[in-house]
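What follows is the content of run-v7.txt, which has compact mmCIF, C-alpha atoms:
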```txt
# COMPACT_ATOMS: atom_id res chain seq x y z
CA MET A 85 -15.31 -28.34 -2.31
CA GLY A 86 -12.12 -27.33 -0.52
CA LYS A 87 -11.53 -24.05 1.24
CA SER A 88 -10.75 -20.87 -0.67
CA PHE A 89 -9.88 -17.24 -0.04
CA VAL A 90 -8.93 -14.14 -2.01
CA VAL A 91 -5.68 -12.24 -1.50
CA VAL A 92 -6.62 -8.57 -1.85
CA GLY A 93 -4.55 -5.42 -1.44
CA THR A 94 -4.90 -1.86 -0.29
CA ASP A 95 -3.82 -0.82 -3.81
CA THR A 96 -2.09 -2.21 -6.87
CA GLY A 97 1.56 -3.24 -6.51
CA VAL A 98 1.36 -3.91 -2.77
CA GLY A 99 2.68 -7.48 -2.80
CA LYS A 100 -0.35 -9.70 -3.40
CA THR A 101 1.67 -11.90 -5.76
CA ILE A 102 4.51 -12.35 -3.27
CA VAL A 103 2.10 -13.29 -0.49
CA SER A 104 0.15 -15.64 -2.77
CA ALA A 105 3.39 -17.34 -3.87
CA GLY A 106 4.67 -17.77 -0.32
CA LEU A 107 1.37 -19.21 0.84
CA LEU A 108 1.01 -21.62 -2.08
CA PHE A 109 4.55 -22.85 -1.41
CA SER A 110 3.75 -23.27 2.29
CA TYR A 111 0.50 -25.16 1.66
CA ARG A 112 2.09 -27.54 -0.83
CA VAL A 113 5.10 -28.29 1.37
CA ALA A 114 2.58 -29.04 4.14
CA GLY A 115 1.10 -31.73 1.89
CA MET A 116 -2.05 -29.89 0.81
CA GLU A 117 -3.42 -30.06 -2.73
CA ALA A 118 -3.35 -26.30 -3.17
CA GLY A 119 -3.81 -24.17 -6.27
CA ILE A 120 -3.67 -20.57 -7.45
CA GLN A 121 -6.15 -18.67 -9.61
CA LYS A 122 -6.13 -15.12 -10.93
CA TRP A 123 -9.47 -14.21 -12.46
CA ILE A 124 -8.20 -11.34 -14.60
CA SER A 125 -4.71 -10.06 -15.35
CA THR A 126 -3.55 -7.11 -17.41
CA GLY A 127 -0.20 -6.05 -18.83
CA ASP A 128 0.58 -9.62 -19.92
CA ILE A 129 2.28 -9.72 -23.32
CA SER A 130 2.28 -13.54 -23.38
CA GLY A 131 -1.49 -13.87 -23.13
CA PHE A 132 -1.19 -15.52 -19.72
CA SER A 133 -0.71 -14.08 -16.25
CA GLN A 134 2.95 -13.45 -15.43
CA ASP A 135 1.92 -13.38 -11.77
CA VAL A 136 0.48 -16.90 -11.93
CA ASP A 137 3.60 -18.21 -13.69
CA PHE A 138 5.75 -16.61 -10.97
CA ILE A 139 3.61 -18.10 -8.17
CA LEU A 140 3.69 -21.58 -9.72
CA ASN A 141 7.46 -21.35 -10.15
CA VAL A 142 7.94 -20.47 -6.47
CA ALA A 143 5.75 -23.43 -5.50
CA GLY A 144 7.75 -25.71 -7.79
CA ILE A 145 4.84 -26.79 -9.97
CA SER A 146 3.85 -26.36 -13.62
CA ARG A 147 0.60 -25.13 -15.15
CA ASN A 148 -0.57 -28.70 -15.73
CA PHE A 149 0.15 -29.74 -12.13
CA PHE A 150 -3.29 -31.34 -11.63
CA PRO A 151 -5.45 -33.40 -14.04
CA GLY A 152 -8.33 -31.41 -15.47
CA ILE A 153 -6.87 -28.00 -14.57
CA SER A 154 -6.18 -25.92 -17.67
CA ASP A 155 -4.63 -22.51 -18.27
CA ARG A 156 -8.20 -21.22 -18.41
CA HIS A 157 -8.79 -22.34 -14.83
CA LEU A 158 -5.58 -20.70 -13.66
CA ASN A 159 -6.19 -17.39 -15.43
CA PRO A 160 -9.61 -17.05 -17.13
CA PHE A 161 -8.90 -13.64 -18.70
CA SER A 162 -5.60 -12.02 -19.63
CA PHE A 163 -5.00 -8.75 -21.47
CA ILE A 164 -1.91 -7.09 -22.88
CA TYR A 165 -3.02 -3.52 -22.19
CA PRO A 166 -1.83 -2.50 -18.69
CA ALA A 167 -4.91 -0.94 -17.11
CA SER A 168 -7.96 -1.69 -14.99
CA PRO A 169 -9.76 -4.83 -16.28
CA HIS A 170 -12.80 -2.94 -17.49
CA TYR A 171 -10.64 -0.66 -19.64
CA SER A 172 -8.22 -3.35 -20.83
CA SER A 173 -11.11 -5.49 -22.03
CA LYS A 174 -12.55 -2.45 -23.83
CA MET A 175 -9.20 -1.77 -25.54
CA HIS A 176 -9.04 -5.40 -26.69
CA ARG A 177 -12.76 -5.49 -27.60
CA LYS A 178 -13.13 -8.63 -25.54
CA ARG A 179 -15.95 -9.09 -23.03
CA ILE A 180 -15.14 -10.36 -19.55
CA ASP A 181 -17.65 -13.11 -18.78
CA LEU A 182 -18.18 -13.09 -15.02
CA SER A 183 -20.36 -16.21 -15.10
CA GLU A 184 -17.44 -18.05 -16.71
CA ILE A 185 -15.10 -16.82 -13.98
CA LYS A 186 -17.45 -18.09 -11.30
CA SER A 187 -17.91 -21.43 -13.03
CA LEU A 188 -14.17 -21.95 -13.48
CA PHE A 189 -13.59 -21.00 -9.85
CA GLN A 190 -16.11 -23.56 -8.62
CA GLU A 191 -14.70 -26.31 -10.86
CA TYR A 192 -11.14 -25.59 -9.72
CA ALA A 193 -12.02 -25.24 -6.03
CA SER A 194 -13.88 -28.55 -6.07
CA LEU A 195 -10.62 -30.33 -6.89
CA MET A 196 -8.40 -28.58 -4.35
CA ASP A 197 -7.94 -28.75 -0.59
CA ILE A 198 -7.28 -25.02 -0.77
CA LEU A 199 -7.56 -22.53 -3.63
CA ILE A 200 -5.84 -19.17 -3.34
CA VAL A 201 -7.29 -16.47 -5.58
CA GLU A 202 -5.07 -13.46 -6.23
CA GLY A 203 -7.10 -10.30 -6.68
CA VAL A 204 -6.43 -7.52 -9.15
CA GLY A 205 -5.71 -3.99 -7.90
CA GLY A 206 -7.83 -2.91 -4.93
CA VAL A 207 -11.24 -4.28 -3.97
CA LEU A 208 -13.15 -1.51 -5.77
CA VAL A 209 -11.43 -2.04 -9.09
CA PRO A 210 -14.06 -2.39 -11.87
CA LEU A 211 -13.93 -5.72 -13.70
CA THR A 212 -16.62 -4.59 -16.13
CA GLN A 213 -18.48 -1.33 -16.66
CA LYS A 214 -20.91 -2.31 -13.90
CA VAL A 215 -19.26 -4.91 -11.66
CA LEU A 216 -16.43 -4.40 -9.15
CA LEU A 217 -14.01 -6.99 -7.79
CA ILE A 218 -15.74 -6.81 -4.41
CA ASP A 219 -19.06 -7.77 -6.07
CA VAL A 220 -17.67 -11.08 -7.31
CA ILE A 221 -16.00 -11.80 -3.97
CA LYS A 222 -19.35 -11.24 -2.27
CA ASP A 223 -21.30 -13.31 -4.81
CA LEU A 224 -18.97 -16.27 -4.21
CA ASP A 225 -19.06 -15.70 -0.43
CA LEU A 226 -15.27 -15.75 -0.16
CA PRO A 227 -13.21 -14.51 2.78
CA VAL A 228 -10.21 -12.28 2.08
CA LEU A 229 -6.65 -11.82 3.26
CA LEU A 230 -5.65 -8.17 3.13
CA VAL A 231 -2.09 -7.28 2.09
CA VAL A 232 -0.97 -3.84 3.26
CA LYS A 233 1.76 -1.80 1.60
CA ASN A 234 3.60 -0.76 4.76
CA THR A 235 4.57 2.81 3.97
CA LEU A 236 3.25 6.34 4.39
CA GLY A 237 -0.49 6.37 3.60
CA ALA A 238 -1.06 2.78 4.72
CA ILE A 239 -3.40 3.75 7.57
CA ASN A 240 -5.90 5.56 5.35
CA HIS A 241 -5.80 2.99 2.54
CA SER A 242 -6.13 0.06 4.95
CA LEU A 243 -8.97 1.46 7.04
CA LEU A 244 -10.91 2.41 3.91
CA THR A 245 -10.49 -1.11 2.52
CA ILE A 246 -11.47 -2.72 5.83
CA HIS A 247 -14.53 -0.47 6.03
CA VAL A 248 -15.80 -1.27 2.55
CA LEU A 249 -15.26 -5.02 3.00
CA ARG A 250 -17.18 -5.00 6.27
CA SER A 251 -19.95 -2.92 4.71
CA ARG A 252 -20.54 -5.90 2.40
CA ASP A 253 -20.25 -8.43 5.26
CA ILE A 254 -17.14 -9.97 3.71
CA LYS A 255 -15.02 -11.87 6.20
CA ILE A 256 -11.48 -10.56 6.63
CA LEU A 257 -9.09 -13.31 7.72
CA GLY A 258 -6.43 -10.83 8.80
CA LEU A 259 -3.67 -8.51 7.65
CA VAL A 260 -0.25 -9.14 6.16
CA PHE A 261 2.12 -6.17 6.10
CA ASN A 262 4.62 -5.94 3.25
CA ASP A 263 7.70 -4.11 4.51
CA GLY A 264 9.50 -4.10 1.17
CA PHE A 265 8.96 -0.37 0.61
CA SER A 266 10.95 2.73 1.49
CA CYS A 267 9.73 4.19 4.79
CA SER A 268 11.09 4.79 8.29
CA ILE A 269 10.99 1.88 10.72
CA ASP A 270 9.08 4.01 13.25
CA ILE A 271 6.28 4.72 10.76
CA LYS A 272 6.09 1.06 9.74
CA LYS A 273 5.75 -0.03 13.38
CA ASP A 274 3.11 2.60 14.06
CA ASN A 275 1.17 1.61 10.91
CA ILE A 276 0.88 -1.95 12.19
CA LYS A 277 -0.26 -0.91 15.67
CA THR A 278 -2.65 1.79 14.49
CA ILE A 279 -4.34 -0.18 11.69
CA SER A 280 -4.75 -3.22 13.93
CA ARG A 281 -6.21 -1.12 16.76
CA LEU A 282 -8.50 1.15 14.78
CA GLY A 283 -9.53 -1.58 12.37
CA LYS A 284 -10.05 -4.08 15.21
CA ILE A 285 -8.32 -6.71 13.10
CA THR A 286 -5.63 -9.34 13.56
CA VAL A 287 -2.17 -9.04 12.03
CA LEU A 288 -1.19 -12.47 10.70
CA GLY A 289 2.29 -11.59 9.54
CA GLN A 290 4.88 -9.12 8.39
CA ILE A 291 7.14 -9.84 5.42
CA PRO A 292 10.46 -8.15 4.56
CA PHE A 293 12.02 -7.52 1.19
CA MET A 294 12.88 -11.01 -0.10
CA GLU A 295 15.44 -12.16 -2.63
CA ASP A 296 13.98 -15.69 -2.52
CA ILE A 297 10.49 -16.19 -1.10
CA ARG A 298 11.27 -19.80 -0.18
CA ASP A 299 13.91 -18.62 2.30
CA TYR A 300 11.05 -17.17 4.38
CA LYS A 301 8.97 -20.33 4.55
CA VAL A 302 8.72 -20.06 8.36
CA VAL A 303 7.09 -16.62 7.98
CA PHE A 304 4.53 -17.90 5.48
CA ASP A 305 3.93 -21.02 7.56
CA GLY A 306 2.86 -18.73 10.39
CA ILE A 307 0.53 -16.77 8.12
CA ARG A 308 -0.89 -20.02 6.71
CA LYS A 309 -1.65 -21.38 10.18
CA GLY A 310 -3.39 -18.11 11.09
CA ILE A 311 -5.51 -18.34 7.94
CA ASP A 312 -6.42 -21.97 8.61
CA GLN A 313 -7.63 -21.09 12.09
CA ARG A 314 -10.03 -18.54 10.62
CA LEU A 315 -11.29 -20.31 7.50
```

What would you get if you wrote out this structure as structure tokens?
Amino acid sequence: MGKSFVVVGTDTGVGKTIVSAGLLFSYRVAGMEAGIQKWISTGDISGFSQDVDFILNVAGISRNFFPGISDRHLNPFSFIYPASPHYSSKMHRKRIDLSEIKSLFQEYASLMDILIVEGVGGVLVPLTQKVLLIDVIKDLDLPVLLVVKNTLGAINHSLLTIHVLRSRDIKILGLVFNDGFSCSIDIKKDNIKTISRLGKITVLGQIPFMEDIRDYKVVFDGIRKGIDQRL
């Protein structure tokens, strides 16, 4: 089985998809057989994750890019209702089968050099009435890359996320700061220094607002190399 990690965020809408897309592009240009998986997505009117389609498009590959990999492997569960997975599944009267997610992950990962899993919301988001995202990450013994929304409030959200991950003995590969949000430059710089210092954690990269993710390949190459050193 190849190496795998989960891209998690300090909240929803922090840039996990952008980071996942940039990294998949970087890995594939580097000659790695790399894939993307999103266990559960919500707010998808097509019945398939818009995030996964976006990530594949950035990487220049289609859904059937590798023999034996189906849409189900890429995105096991997708819901139209835009809410937390546990509530979306309730609204659609469709049970989320966590054993199926784990099985599909293992099948997919066994075929890849690297499998990037994009999380959903924050790490304490409930996937079912009883199971949180962090529970599945722990069960699969996966390390995480933490994406930080670099704006006011980032320090609290980041340190809380770091604390809860470490309380479960989940390995944190490092931080990526997403600067594509409205906030003063001074606060953004202080966020990076303060979170890194208080969290005792390495910053692997800082990404700006991007019109085309592929134009920032050098940035994602640096993040990728930092991840590879820690996997």

Inset, instruction - For atom CA of A:Asp135 and atom CA of A:Gly237, quote the distance in Å rounded to one decimal. - result: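 Atom CA of A:Asp135 sits 25.1 Å away from atom CA of A:Gly237.
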
Inset, instruction - Within 12 Å of stretch 243-248 of chain A, counting all atoms listed in the file, which residues show up once you throw out same-chain ones fewer than 5 positions away? Write them as a ChimeraX atom specification, please. - result: /A:92-95,205-209,217-219,222,228-232,237-238,253-259,275-276,278-286

Inset, instruction - Show me as a PyMOL selection string the residues that reach within 12 Å of (-10.2, -20.4, -12.1), counting only C-alpha atoms and using the file's own coordinates. - result: chain A and resi 88+90+119-124+136+152-161+182-196+199-203

Inset, instruction - Find the distance between atom CA of A:Phe89 and atom CA of A:Pro166 and write it in Å to one decimal. - result: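 Pair atom CA of A:Phe89 / atom CA of A:Pro166 returns 25.1 Å.
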
Inset, instruction - For A:Pro210, list every protein, DNA or RNA residue within 7 Å, evaluated using all atoms listed in the file, and leave out those in the same chain fewer than 6 positions away; present the list as a PyMOL selection string. - result: chain A and resi 168-170+216-217

Inset, instruction - May I have the protein, DNA and RNA residues with any atom at most 10 Å from the point (2.4, -26.5, 4.2), counting all atoms listed in the file, written as a PyMOL selection string? - result: chain A and resi 107-118+301-302+304-306+308-309

Inset, instruction - Please indicate the distance in Å from atom CA of A:Tyr171 to atom CA of A:Leu140, rounded to one decimal place. - result: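 These atoms are spaced 27.2 Å apart.
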
Inset, instruction - For each of A:Asn141, A:Ser146, A:Ser130, A:Ser266, take the minimum atom-to-atom distance to A:Asp296, counting all atoms listed in the file, then give the residue where this is smallest. - result: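 Comparing A:Asn141, A:Ser146, A:Ser130, A:Ser266 against A:Asp296, the winner is A:Asn141.
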
Legend entry - Nearest candidate to A:Asp263 (options A:Ala105, A:Ile291, A:Ile180, A:Val220; using all atoms listed in the file): A:Ile291

Inset, instruction - With a distance cut-off of 8 Å and all atoms listed in the file, select the neighbouring residues of A:Leu315, excluding the residue or stretch itself and same-chain residues fewer than 3 positions from it, and output the selection as a list in words. - result: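 Skipping anything fewer than 3 positions along the chain leaves Lys87, Pro227, Leu257, Ile311 and Asp312 of chain A.
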
Legend entry - Residue nearest A:Thr96 - candidates A:Val142, A:Val204, A:Ile269, A:Ala167, atoms counted: all atoms listed in the file: A:Val204

Produce the centre coordinates and the three edge lengths, each in Å to one decimal, of the box along x, y and z that contains all listed atoms of stretch 266-285 of chain A with 8 Å added on each side, as lines of an AutoDock Vina configuration file.
```
center_x = 0.5
center_y = -1.0
center_z = 9.1
size_x = 37.1
size_y = 27.5
size_z = 31.3
```
